[in-house]
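What follows is entry-v4.pdb (PDB, C-alpha atoms).
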MODEL        1
ATOM      1  CA  MET A   1       0.000   0.000   0.000
ATOM      2  CA  VAL A   2       1.544   3.262  -1.126
ATOM      3  CA  HIS A   3       1.375   6.298   1.078
ATOM      4  CA  TRP A   4       0.780   9.510  -0.837
ATOM      5  CA  THR A   5       1.369  12.922   0.649
ATOM      6  CA  ALA A   6      -1.216  15.559  -0.116
ATOM      7  CA  GLU A   7       1.374  17.363  -2.219
ATOM      8  CA  GLU A   8       2.101  14.257  -4.297
ATOM      9  CA  LYS A   9      -1.587  13.668  -4.960
ATOM     10  CA  GLN A  10      -1.998  17.281  -5.969
ATOM     11  CA  LEU A  11       0.997  17.165  -8.322
ATOM     12  CA  ILE A  12      -0.221  13.980  -9.975
ATOM     13  CA  THR A  13      -3.860  14.939 -10.362
ATOM     14  CA  SER A  14      -3.165  18.475 -11.549
ATOM     15  CA  THR A  15      -0.771  17.198 -14.231
ATOM     16  CA  TRP A  16      -3.236  14.527 -15.264
ATOM     17  CA  ALA A  17      -6.058  17.022 -15.627
ATOM     18  CA  LYS A  18      -4.145  18.552 -18.522
ATOM     19  CA  VAL A  19      -3.272  15.278 -20.241
ATOM     20  CA  ASP A  20      -4.942  14.348 -23.501
ATOM     21  CA  VAL A  21      -5.114  10.603 -23.172
ATOM     22  CA  ALA A  22      -5.170   9.851 -26.888
ATOM     23  CA  THR A  23      -2.161  12.040 -27.723
ATOM     24  CA  ILE A  24       0.000  10.973 -24.832
ATOM     25  CA  GLY A  25      -1.082   7.362 -25.251
ATOM     26  CA  VAL A  26       0.375   6.995 -28.712
ATOM     27  CA  GLU A  27       3.529   8.822 -27.671
ATOM     28  CA  ALA A  28       3.937   6.457 -24.721
ATOM     29  CA  LEU A  29       3.796   3.533 -27.076
ATOM     30  CA  ALA A  30       6.750   5.129 -28.792
ATOM     31  CA  LEU A  31       8.537   2.736 -26.490
ATOM     32  CA  LEU A  32       8.007   0.254 -29.282
ATOM     33  CA  ILE A  33      10.592   2.313 -31.101
ATOM     34  CA  VAL A  34      12.842   3.140 -28.180
ATOM     35  CA  TYR A  35      12.820  -0.455 -26.885
ATOM     36  CA  PRO A  36      12.116  -2.498 -30.016
ATOM     37  CA  TRP A  37      12.091  -5.821 -28.215
ATOM     38  CA  THR A  38       8.756  -4.820 -26.701
ATOM     39  CA  GLN A  39       7.249  -5.386 -30.131
ATOM     40  CA  ARG A  40       7.148  -9.068 -29.244
ATOM     41  CA  PHE A  41       3.901  -8.384 -27.384
ATOM     42  CA  PHE A  42       2.272  -6.687 -30.313
ATOM     43  CA  ASP A  43       2.504  -9.262 -33.117
ATOM     44  CA  SER A  44      -1.186  -8.890 -33.866
ATOM     45  CA  PHE A  45      -0.923  -5.134 -34.177
ATOM     46  CA  GLY A  46      -0.036  -5.086 -37.853
ATOM     47  CA  ASN A  47       2.653  -2.899 -39.342
ATOM     48  CA  LEU A  48       5.358  -2.035 -36.815
ATOM     49  CA  SER A  49       8.139  -2.031 -39.381
ATOM     50  CA  SER A  50       9.266   1.560 -38.975
ATOM     51  CA  PRO A  51       8.849   4.499 -36.612
ATOM     52  CA  THR A  52       6.400   6.106 -39.049
ATOM     53  CA  ALA A  53       4.452   2.866 -39.322
ATOM     54  CA  ILE A  54       4.253   2.541 -35.541
ATOM     55  CA  THR A  55       3.073   6.063 -34.816
ATOM     56  CA  GLY A  56       0.578   5.890 -37.687
ATOM     57  CA  ASN A  57      -0.738   2.448 -36.768
ATOM     58  CA  PRO A  58      -4.390   2.757 -35.644
ATOM     59  CA  THR A  59      -4.170  -0.330 -33.424
ATOM     60  CA  VAL A  60      -1.172   1.174 -31.620
ATOM     61  CA  ARG A  61      -3.018   4.452 -31.196
ATOM     62  CA  ALA A  62      -6.073   2.698 -29.794
ATOM     63  CA  HIS A  63      -3.942   0.665 -27.426
ATOM     64  CA  GLY A  64      -2.056   3.736 -26.269
ATOM     65  CA  LYS A  65      -5.349   5.379 -25.412
ATOM     66  CA  LYS A  66      -6.442   2.235 -23.527
ATOM     67  CA  VAL A  67      -3.205   2.109 -21.508
ATOM     68  CA  LEU A  68      -3.383   5.780 -20.594
ATOM     69  CA  THR A  69      -7.056   5.508 -19.663
ATOM     70  CA  SER A  70      -6.041   2.773 -17.225
ATOM     71  CA  PHE A  71      -3.451   5.107 -15.745
ATOM     72  CA  GLY A  72      -6.264   7.583 -15.313
ATOM     73  CA  ASP A  73      -8.238   4.989 -13.365
ATOM     74  CA  ALA A  74      -5.252   4.435 -11.103
ATOM     75  CA  ILE A  75      -4.970   8.177 -10.514
ATOM     76  CA  LYS A  76      -8.621   8.332  -9.485
ATOM     77  CA  ASN A  77      -7.925   5.469  -7.059
ATOM     78  CA  LEU A  78      -4.512   6.409  -5.710
ATOM     79  CA  ASP A  79      -5.327   4.961  -2.317
ATOM     80  CA  ASN A  80      -6.306   1.598  -3.707
ATOM     81  CA  ILE A  81      -4.464   0.958  -6.952
ATOM     82  CA  LYS A  82      -4.013  -2.720  -6.085
ATOM     83  CA  LYS A  83      -7.741  -3.384  -6.085
ATOM     84  CA  CYS A  84      -8.230  -1.215  -9.146
ATOM     85  CA  PHE A  85      -5.650  -3.170 -11.114
ATOM     86  CA  ALA A  86      -6.090  -6.715  -9.814
ATOM     87  CA  GLN A  87      -7.868  -7.916 -12.936
ATOM     88  CA  LEU A  88      -5.437  -6.121 -15.254
ATOM     89  CA  SER A  89      -2.553  -7.787 -13.452
ATOM     90  CA  LYS A  90      -4.035 -11.242 -13.993
ATOM     91  CA  LEU A  91      -4.612 -10.385 -17.639
ATOM     92  CA  HIS A  92      -1.001  -9.319 -18.168
ATOM     93  CA  CYS A  93       0.251 -12.514 -16.551
ATOM     94  CA  ASP A  94      -2.164 -15.154 -17.751
ATOM     95  CA  LYS A  95      -3.207 -13.953 -21.168
ATOM     96  CA  LEU A  96      -0.651 -11.427 -22.357
ATOM     97  CA  HIS A  97       2.452 -13.014 -20.829
ATOM     98  CA  VAL A  98       4.184  -9.707 -20.423
ATOM     99  CA  ASP A  99       7.385  -9.739 -18.384
ATOM    100  CA  PRO A 100       6.715  -7.235 -15.574
ATOM    101  CA  GLU A 101      10.149  -5.725 -16.270
ATOM    102  CA  ASN A 102       8.455  -3.920 -19.099
ATOM    103  CA  PHE A 103       6.398  -1.812 -16.708
ATOM    104  CA  ARG A 104       9.153  -1.039 -14.294
ATOM    105  CA  ALA A 105      10.493   2.402 -13.626
ATOM    106  CA  ASP A 106      12.406   1.429 -10.518
ATOM    107  CA  SER A 107      14.300  -1.543 -11.790
ATOM    108  CA  PHE A 108      17.542  -0.486 -13.345
ATOM    109  CA  SER A 109      19.470  -3.729 -13.491
ATOM    110  CA  SER A 110      22.047  -3.882 -16.207
ATOM    111  CA  LEU A 111      19.992  -6.336 -18.200
ATOM    112  CA  HIS A 112      16.721  -4.509 -18.131
ATOM    113  CA  CYS A 113      15.749  -0.983 -18.889
ATOM    114  CA  PRO A 114      12.867   0.822 -17.246
ATOM    115  CA  LEU A 115      10.323   0.911 -19.928
ATOM    116  CA  LEU A 116       6.774   2.149 -20.083
ATOM    117  CA  GLY A 117       6.898   4.045 -16.787
ATOM    118  CA  ASN A 118       9.994   6.057 -17.622
ATOM    119  CA  THR A 119       8.933   6.627 -21.221
ATOM    120  CA  LEU A 120       5.683   8.122 -19.925
ATOM    121  CA  ILE A 121       7.667  10.396 -17.599
ATOM    122  CA  ILE A 122       9.791  11.668 -20.492
ATOM    123  CA  ILE A 123       6.722  12.296 -22.623
ATOM    124  CA  LEU A 124       5.077  14.241 -19.794
ATOM    125  CA  ALA A 125       8.286  16.274 -19.582
ATOM    126  CA  THR A 126       8.133  17.140 -23.302
ATOM    127  CA  HIS A 127       4.555  18.341 -22.881
ATOM    128  CA  PHE A 128       4.818  20.194 -19.602
ATOM    129  CA  GLY A 129       8.313  21.678 -19.809
ATOM    130  CA  LYS A 130       9.462  23.492 -16.690
ATOM    131  CA  GLU A 131       6.074  22.913 -15.089
ATOM    132  CA  PHE A 132       7.292  19.331 -14.728
ATOM    133  CA  THR A 133       9.360  20.312 -11.725
ATOM    134  CA  PRO A 134      11.669  17.897  -9.889
ATOM    135  CA  ALA A 135       8.962  17.445  -7.238
ATOM    136  CA  CYS A 136       6.415  16.714  -9.932
ATOM    137  CA  GLN A 137       8.751  14.199 -11.553
ATOM    138  CA  ALA A 138       9.366  12.531  -8.196
ATOM    139  CA  ALA A 139       5.616  12.170  -7.566
ATOM    140  CA  TRP A 140       5.104  10.693 -11.013
ATOM    141  CA  GLN A 141       8.027   8.275 -10.636
ATOM    142  CA  LYS A 142       6.326   7.064  -7.453
ATOM    143  CA  MET A 143       3.065   6.771  -9.384
ATOM    144  CA  VAL A 144       4.481   4.721 -12.241
ATOM    145  CA  ASN A 145       6.402   2.534  -9.794
ATOM    146  CA  ALA A 146       3.175   1.885  -7.883
ATOM    147  CA  VAL A 147       1.335   0.966 -11.065
ATOM    148  CA  ALA A 148       4.183  -1.288 -12.179
ATOM    149  CA  HIS A 149       4.311  -3.002  -8.818
ATOM    150  CA  VAL A 150       0.591  -3.618  -8.777
ATOM    151  CA  LEU A 151       0.543  -4.889 -12.345
ATOM    152  CA  GLY A 152       3.171  -7.430 -11.413
ATOM    153  CA  HIS A 153       1.433  -8.377  -8.194
ATOM    154  CA  GLU A 154      -0.885 -11.063  -9.482
ATOM    155  CA  TYR A 155       1.801 -12.904 -11.417
ATOM    156  CA  HIS A 156       2.292 -16.515 -10.477
TER
ATOM    157  CA  MET B 157      24.575  -2.400 -27.317
ATOM    158  CA  VAL B 158      26.111  -0.817 -30.375
ATOM    159  CA  LEU B 159      25.536   2.699 -31.597
ATOM    160  CA  SER B 160      24.527   2.690 -35.246
ATOM    161  CA  ALA B 161      25.593   5.411 -37.658
ATOM    162  CA  ASN B 162      22.088   6.868 -37.301
ATOM    163  CA  ASP B 163      22.379   6.855 -33.507
ATOM    164  CA  LYS B 164      25.672   8.731 -33.692
ATOM    165  CA  THR B 165      24.216  11.319 -36.042
ATOM    166  CA  ASN B 166      21.138  11.739 -33.845
ATOM    167  CA  VAL B 167      23.249  12.200 -30.725
ATOM    168  CA  LYS B 168      25.636  14.690 -32.342
ATOM    169  CA  THR B 169      22.757  16.679 -33.808
ATOM    170  CA  ALA B 170      20.902  16.741 -30.502
ATOM    171  CA  PHE B 171      23.956  17.917 -28.580
ATOM    172  CA  SER B 172      24.645  20.628 -31.142
ATOM    173  CA  LYS B 173      21.147  21.929 -30.421
ATOM    174  CA  PHE B 174      21.825  21.983 -26.678
ATOM    175  CA  GLY B 175      24.803  24.223 -27.351
ATOM    176  CA  GLY B 176      26.263  25.974 -24.332
ATOM    177  CA  HIS B 177      23.221  25.113 -22.214
ATOM    178  CA  VAL B 178      24.419  21.581 -21.791
ATOM    179  CA  GLU B 179      26.396  22.650 -18.702
ATOM    180  CA  GLU B 180      23.175  23.772 -17.007
ATOM    181  CA  TYR B 181      21.480  20.557 -18.051
ATOM    182  CA  GLY B 182      24.110  18.564 -16.175
ATOM    183  CA  GLY B 183      23.275  20.452 -12.988
ATOM    184  CA  GLU B 184      19.547  20.166 -13.544
ATOM    185  CA  ALA B 185      19.812  16.440 -14.130
ATOM    186  CA  LEU B 186      21.725  15.990 -10.882
ATOM    187  CA  ASP B 187      19.216  18.142  -9.020
ATOM    188  CA  ARG B 188      16.334  16.049 -10.349
ATOM    189  CA  MET B 189      18.142  12.842  -9.535
ATOM    190  CA  PHE B 190      18.673  13.885  -5.908
ATOM    191  CA  VAL B 191      14.988  14.775  -5.524
ATOM    192  CA  THR B 192      13.594  11.760  -7.381
ATOM    193  CA  TYR B 193      16.066   9.152  -6.158
ATOM    194  CA  PRO B 194      17.159  10.314  -2.704
ATOM    195  CA  GLN B 195      19.440   7.318  -2.272
ATOM    196  CA  THR B 196      21.808   8.918  -4.802
ATOM    197  CA  LYS B 197      22.549  11.659  -2.294
ATOM    198  CA  THR B 198      24.586   9.149  -0.315
ATOM    199  CA  TYR B 199      27.444   9.651  -2.770
ATOM    200  CA  PHE B 200      27.670  13.340  -1.937
ATOM    201  CA  PRO B 201      27.757  13.678   1.839
ATOM    202  CA  HIS B 202      30.318  16.428   1.392
ATOM    203  CA  PHE B 203      28.080  18.548  -0.837
ATOM    204  CA  ASP B 204      25.387  21.078  -0.188
ATOM    205  CA  LEU B 205      22.599  19.372  -2.128
ATOM    206  CA  SER B 206      19.930  21.988  -1.657
ATOM    207  CA  HIS B 207      18.143  23.226  -4.768
ATOM    208  CA  GLY B 208      20.319  25.733  -6.581
ATOM    209  CA  SER B 209      23.496  24.651  -4.831
ATOM    210  CA  ALA B 210      26.656  26.019  -6.416
ATOM    211  CA  GLN B 211      28.401  22.706  -5.791
ATOM    212  CA  VAL B 212      25.727  20.784  -7.670
ATOM    213  CA  LYS B 213      25.898  23.254 -10.554
ATOM    214  CA  ALA B 214      29.677  22.917 -10.696
ATOM    215  CA  HIS B 215      29.457  19.170 -10.610
ATOM    216  CA  GLY B 216      26.789  19.263 -13.297
ATOM    217  CA  LYS B 217      29.216  21.137 -15.553
ATOM    218  CA  LYS B 218      31.753  18.366 -15.070
ATOM    219  CA  VAL B 219      29.185  15.689 -15.922
ATOM    220  CA  ALA B 220      28.075  17.626 -18.996
ATOM    221  CA  ALA B 221      31.670  18.124 -20.134
ATOM    222  CA  ALA B 222      32.232  14.376 -19.938
ATOM    223  CA  LEU B 223      29.112  13.731 -22.009
ATOM    224  CA  VAL B 224      30.274  16.257 -24.602
ATOM    225  CA  GLU B 225      33.679  14.589 -24.673
ATOM    226  CA  ALA B 226      31.957  11.271 -25.307
ATOM    227  CA  VAL B 227      29.889  12.816 -28.116
ATOM    228  CA  ASN B 228      32.997  14.308 -29.690
ATOM    229  CA  HIS B 229      34.666  10.900 -29.632
ATOM    230  CA  ILE B 230      31.573   8.872 -30.223
ATOM    231  CA  ASP B 231      33.469   6.248 -32.174
ATOM    232  CA  ASP B 232      35.621   5.536 -29.149
ATOM    233  CA  ILE B 233      33.757   6.442 -25.983
ATOM    234  CA  ALA B 234      35.830   3.956 -23.990
ATOM    235  CA  GLY B 235      39.044   5.675 -25.040
ATOM    236  CA  ALA B 236      37.674   9.163 -24.446
ATOM    237  CA  LEU B 237      36.420   8.339 -20.943
ATOM    238  CA  SER B 238      39.176   5.942 -19.938
ATOM    239  CA  LYS B 239      40.486   8.102 -17.073
ATOM    240  CA  LEU B 240      36.964   8.729 -15.807
ATOM    241  CA  SER B 241      36.358   5.026 -15.971
ATOM    242  CA  ASP B 242      39.440   4.409 -13.799
ATOM    243  CA  LEU B 243      38.274   7.052 -11.349
ATOM    244  CA  HIS B 244      34.842   5.500 -10.972
ATOM    245  CA  ALA B 245      36.276   2.014 -10.561
ATOM    246  CA  GLN B 246      39.025   2.810  -8.088
ATOM    247  CA  LYS B 247      37.926   5.822  -6.168
ATOM    248  CA  LEU B 248      34.269   6.719  -6.602
ATOM    249  CA  ARG B 249      32.796   3.229  -6.886
ATOM    250  CA  VAL B 250      29.338   4.460  -7.681
ATOM    251  CA  ASP B 251      26.965   1.506  -7.907
ATOM    252  CA  PRO B 252      26.256   0.862 -11.601
ATOM    253  CA  VAL B 253      22.514   1.234 -11.104
ATOM    254  CA  ASN B 254      22.937   4.944 -10.501
ATOM    255  CA  PHE B 255      24.239   5.786 -13.974
ATOM    256  CA  LYS B 256      20.885   4.801 -15.373
ATOM    257  CA  LEU B 257      19.123   7.016 -12.856
ATOM    258  CA  LEU B 258      21.221  10.011 -13.885
ATOM    259  CA  GLY B 259      20.842   9.130 -17.567
ATOM    260  CA  HIS B 260      17.063   9.044 -17.177
ATOM    261  CA  CYS B 261      17.045  12.418 -15.424
ATOM    262  CA  PHE B 262      19.239  13.865 -18.157
ATOM    263  CA  LEU B 263      16.687  12.691 -20.731
ATOM    264  CA  VAL B 264      13.902  14.330 -18.708
ATOM    265  CA  VAL B 265      15.858  17.610 -18.726
ATOM    266  CA  VAL B 266      16.341  17.338 -22.489
ATOM    267  CA  ALA B 267      12.617  16.628 -22.847
ATOM    268  CA  ILE B 268      11.792  19.776 -20.889
ATOM    269  CA  HIS B 269      14.116  22.119 -22.771
ATOM    270  CA  HIS B 270      13.981  20.571 -26.236
ATOM    271  CA  PRO B 271      10.689  18.696 -26.611
ATOM    272  CA  ALA B 272      10.810  18.891 -30.388
ATOM    273  CA  VAL B 273      14.262  17.324 -30.509
ATOM    274  CA  LEU B 274      13.100  14.253 -28.644
ATOM    275  CA  THR B 275      11.378  12.271 -31.368
ATOM    276  CA  PRO B 276      11.101   8.555 -30.557
ATOM    277  CA  GLU B 277      14.125   7.838 -32.765
ATOM    278  CA  VAL B 278      16.291  10.504 -31.131
ATOM    279  CA  HIS B 279      15.049   9.397 -27.715
ATOM    280  CA  ALA B 280      16.193   5.882 -28.566
ATOM    281  CA  SER B 281      19.612   7.078 -29.760
ATOM    282  CA  LEU B 282      20.202   9.308 -26.727
ATOM    283  CA  ASP B 283      19.079   6.523 -24.425
ATOM    284  CA  LYS B 284      21.531   4.117 -26.062
ATOM    285  CA  PHE B 285      24.303   6.703 -25.890
ATOM    286  CA  LEU B 286      23.733   7.332 -22.187
ATOM    287  CA  CYS B 287      23.664   3.575 -21.551
ATOM    288  CA  ALA B 288      26.950   3.261 -23.450
ATOM    289  CA  VAL B 289      28.522   5.983 -21.307
ATOM    290  CA  GLY B 290      27.326   4.237 -18.145
ATOM    291  CA  THR B 291      28.717   0.944 -19.390
ATOM    292  CA  VAL B 292      32.127   2.520 -20.075
ATOM    293  CA  LEU B 293      32.237   4.151 -16.651
ATOM    294  CA  THR B 294      31.585   0.833 -14.915
ATOM    295  CA  ALA B 295      33.619  -1.339 -17.285
ATOM    296  CA  LYS B 296      36.628  -1.619 -15.003
ATOM    297  CA  TYR B 297      34.705  -2.349 -11.810
ATOM    298  CA  ARG B 298      35.662  -6.005 -11.864
TER
ENDMDL
END
Using structure tokens, write down the structure from this file.
Amino acid sequence: MVHWTAEEKQLITSTWAKVDVATIGVEALALLIVYPWTQRFFDSFGNLSSPTAITGNPTVRAHGKKVLTSFGDAIKNLDNIKKCFAQLSKLHCDKLHVDPENFRADSFSSLHCPLLGNTLIIILATHFGKEFTPACQAAWQKMVNAVAHVLGHEYH
Amino acid sequence: MVLSANDKTNVKTAFSKFGGHVEEYGGEALDRMFVTYPQTKTYFPHFDLSHGSAQVKAHGKKVAAALVEAVNHIDDIAGALSKLSDLHAQKLRVDPVNFKLLGHCFLVVVAIHHPAVLTPEVHASLDKFLCAVGTVLTAKYR
């Protein structure tokens, strides 16, 4: 169970209020370009052959929107993300077979890179500029870590 | 992880756009790292780490200068940073995990100041470059 300070909640929710889920969603899935091995999970998504193909791919765009909408659900339920994401966690383990390393923002082992969480942080930074203060970044890192942890929780 | 010709071009182009500001970016990246990953402060017990600290800014310039050196010798980062690599192995002994934390914060700073530069492809190239620098700096650890 994550403890959020009032300031952290405020930083996260006020940033989120300005996020366009569809736009940021597709940019977050730019990780398919930055970390090409993640494409292994998206075989059914059609043309992922080039950066242009990926960002133009309607299935990628739709999925990006879905992923970001889920983040939005977590933000509305900051005090109980585990319950909010229990089903999603089972889905990622049992059906999607996604290595939880892919969600991590806190795991920086030499073999793995922090993936979706940190990519989202960088995209937020491009959109919010200096408004994305160090304190704001820190709150968001905590957020993406919490989501990553919860998504990996139901793995067995 | 190997830097392709495209990666090298992307990195050089990006750094040319940062220009003289890159020194500030080093300091900002450190500042962000200390706030976001407080455990990294343990390597600087001798520093004033408060926001705006002159010591952090000075250290940021050093970090940035090393990155620029690596960019200018991008075909031989190991050679260019060999002394720094020795220093980190023998004296500083910063846990390897922390280079990725700083690299990530540097990318966030770039994203803030140059959002248009950070296309997915350039993001990938810069990320690879920063990983390569981290790898070189820890190469002699054991």
For chain B against chain A, with a cut-off of 7 Å and counting only C-alpha atoms, what is the closest atom pair and its distance in Å to one decimal for every residue that makes the cut, ordered by chain and number, as JSON lines?
{"residue": "B:Arg188", "atom": "CA", "partner": "A:Pro134", "partner_atom": "CA", "distance": 5.0}
{"residue": "B:Val191", "atom": "CA", "partner": "A:Pro134", "partner_atom": "CA", "distance": 6.3}
{"residue": "B:Thr192", "atom": "CA", "partner": "A:Ala138", "partner_atom": "CA", "distance": 4.4}
{"residue": "B:Val253", "atom": "CA", "partner": "A:Phe108", "partner_atom": "CA", "distance": 5.7}
{"residue": "B:Lys256", "atom": "CA", "partner": "A:Phe108", "partner_atom": "CA", "distance": 6.6}
{"residue": "B:Leu263", "atom": "CA", "partner": "A:Ile122", "partner_atom": "CA", "distance": 7.0}
{"residue": "B:Val264", "atom": "CA", "partner": "A:Ile122", "partner_atom": "CA", "distance": 5.2}
{"residue": "B:Ala267", "atom": "CA", "partner": "A:Thr126", "partner_atom": "CA", "distance": 4.5}
{"residue": "B:Ile268", "atom": "CA", "partner": "A:Gly129", "partner_atom": "CA", "distance": 4.1}
{"residue": "B:His269", "atom": "CA", "partner": "A:Gly129", "partner_atom": "CA", "distance": 6.5}
{"residue": "B:Pro271", "atom": "CA", "partner": "A:Thr126", "partner_atom": "CA", "distance": 4.5}
{"residue": "B:Pro276", "atom": "CA", "partner": "A:Ala30", "partner_atom": "CA", "distance": 5.8}
{"residue": "B:Glu277", "atom": "CA", "partner": "A:Val34", "partner_atom": "CA", "distance": 6.7}
{"residue": "B:His279", "atom": "CA", "partner": "A:Val34", "partner_atom": "CA", "distance": 6.7}
{"residue": "B:Ala280", "atom": "CA", "partner": "A:Val34", "partner_atom": "CA", "distance": 4.3}
The PyMOL selection byres ((chain B and resi 160) around 12) resolved against shown file, as a ChimeraX atom specification: /B:157-159,161-167,230-231,277,280-282,284-285
If you keep C-alpha atoms, can you produce a file of those selected residues as a PDB file, keeping the file's coordinate frame?
ATOM      1  CA  MET B 157      24.575  -2.400 -27.317  1.00  0.00           C
ATOM      2  CA  VAL B 158      26.111  -0.817 -30.375  1.00  0.00           C
ATOM      3  CA  LEU B 159      25.536   2.699 -31.597  1.00  0.00           C
ATOM      4  CA  ALA B 161      25.593   5.411 -37.658  1.00  0.00           C
ATOM      5  CA  ASN B 162      22.088   6.868 -37.301  1.00  0.00           C
ATOM      6  CA  ASP B 163      22.379   6.855 -33.507  1.00  0.00           C
ATOM      7  CA  LYS B 164      25.672   8.731 -33.692  1.00  0.00           C
ATOM      8  CA  THR B 165      24.216  11.319 -36.042  1.00  0.00           C
ATOM      9  CA  ASN B 166      21.138  11.739 -33.845  1.00  0.00           C
ATOM     10  CA  VAL B 167      23.249  12.200 -30.725  1.00  0.00           C
ATOM     11  CA  ILE B 230      31.573   8.872 -30.223  1.00  0.00           C
ATOM     12  CA  ASP B 231      33.469   6.248 -32.174  1.00  0.00           C
ATOM     13  CA  GLU B 277      14.125   7.838 -32.765  1.00  0.00           C
ATOM     14  CA  ALA B 280      16.193   5.882 -28.566  1.00  0.00           C
ATOM     15  CA  SER B 281      19.612   7.078 -29.760  1.00  0.00           C
ATOM     16  CA  LEU B 282      20.202   9.308 -26.727  1.00  0.00           C
ATOM     17  CA  LYS B 284      21.531   4.117 -26.062  1.00  0.00           C
ATOM     18  CA  PHE B 285      24.303   6.703 -25.890  1.00  0.00           C
TER      19      PHE B 285
END
Answer key for the PyMOL selection byres ((chain A and resi 98) around 12), residues as a VMD selection string: chain A and resid 37 to 42 88 to 97 99 to 104 148 151 to 152 155
Near-region 212-227 of chain B list (8 Å; only C-alpha atoms; drop same-chain fewer than 2 positions) as a ChimeraX atom specification: /B:167-168,171,178-187,203-205,208-210,229-230,232-233,236-237,289
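Distances here use all atoms listed in the file; by that measure, the residue among A:Val67, A:Trp16, A:Asn80, A:Asp73 closest to Gly117 (chain A) is A:Val67.
Here the question is which of A:Ile75, A:Ala62, A:Leu68, A:Ala86 gets nearest to Leu116 (chain A) using all atoms listed in the file, and that residue is A:Leu68.
Neighbours of Leu240 (chain B) closer than or equal to 9 Å, with only C-alpha atoms counted and sequence neighbours fewer than 5 positions away skipped, come out as Ala222, Ala245, Val292 and Leu293 of chain B.
Checking B:Ala234, B:Ala272, B:Leu258, B:Val266 one by one against Ala288 (chain B), counting all atoms listed in the file, you find the shortest gap at B:Ala234.
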Point-to-point distance in Å for CA of Ala170 (chain B) and CA of Ser241 (chain B): 24.2 Å
Explicit residues for the PyMOL selection byres ((chain B and resi 254) around 10) (as number ranges by chain): A: 108-109; B: 189, 193, 195-196, 250-253, 255-260, 290
Can you spit out the residues from that selection as a PDB file, keeping the file's coordinate frame, using C-alpha atoms?
ATOM      1  CA  PHE A 108      17.542  -0.486 -13.345  1.00  0.00           C
ATOM      2  CA  SER A 109      19.470  -3.729 -13.491  1.00  0.00           C
TER       3      SER A 109
ATOM      4  CA  MET B 189      18.142  12.842  -9.535  1.00  0.00           C
ATOM      5  CA  TYR B 193      16.066   9.152  -6.158  1.00  0.00           C
ATOM      6  CA  GLN B 195      19.440   7.318  -2.272  1.00  0.00           C
ATOM      7  CA  THR B 196      21.808   8.918  -4.802  1.00  0.00           C
ATOM      8  CA  VAL B 250      29.338   4.460  -7.681  1.00  0.00           C
ATOM      9  CA  ASP B 251      26.965   1.506  -7.907  1.00  0.00           C
ATOM     10  CA  PRO B 252      26.256   0.862 -11.601  1.00  0.00           C
ATOM     11  CA  VAL B 253      22.514   1.234 -11.104  1.00  0.00           C
ATOM     12  CA  PHE B 255      24.239   5.786 -13.974  1.00  0.00           C
ATOM     13  CA  LYS B 256      20.885   4.801 -15.373  1.00  0.00           C
ATOM     14  CA  LEU B 257      19.123   7.016 -12.856  1.00  0.00           C
ATOM     15  CA  LEU B 258      21.221  10.011 -13.885  1.00  0.00           C
ATOM     16  CA  GLY B 259      20.842   9.130 -17.567  1.00  0.00           C
ATOM     17  CA  HIS B 260      17.063   9.044 -17.177  1.00  0.00           C
ATOM     18  CA  GLY B 290      27.326   4.237 -18.145  1.00  0.00           C
TER      19      GLY B 290
END
So that I can see what lies close to Arg249 (chain B), please list as a short mmCIF file (atom, residue, chain, number, x, y, z; two decimals) with C-alpha atoms, in the frame of the given file the residues with an atom at most 9 Å from it, counting all atoms listed in the file and leaving out residues fewer than 6 positions away in the same chain.
data_model
loop_
_atom_site.label_atom_id
_atom_site.label_comp_id
_atom_site.auth_asym_id
_atom_site.auth_seq_id
_atom_site.Cartn_x
_atom_site.Cartn_y
_atom_site.Cartn_z
CA LEU B 243 38.27 7.05 -11.35
CA THR B 294 31.58 0.83 -14.92
CA TYR B 297 34.70 -2.35 -11.81
#
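Note that the spacing between CA of Thr15 (chain A) and CA of Met143 (chain A) amounts to 12.1 Å.
Going from CA of Cys261 (chain B) over to CA of Leu286 (chain B), you cover 10.8 Å.
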Would you place a box with edges along x, y and z of the file around all atoms of region 3-15 of chain A listed there, add 5 Å to each of its six sides, and report the centre and edge lengths in Å to one decimal, as AutoDock Vina command-line options?
--center_x -0.9 --center_y 12.4 --center_z -6.6 --size_x 16.0 --size_y 22.2 --size_z 25.3
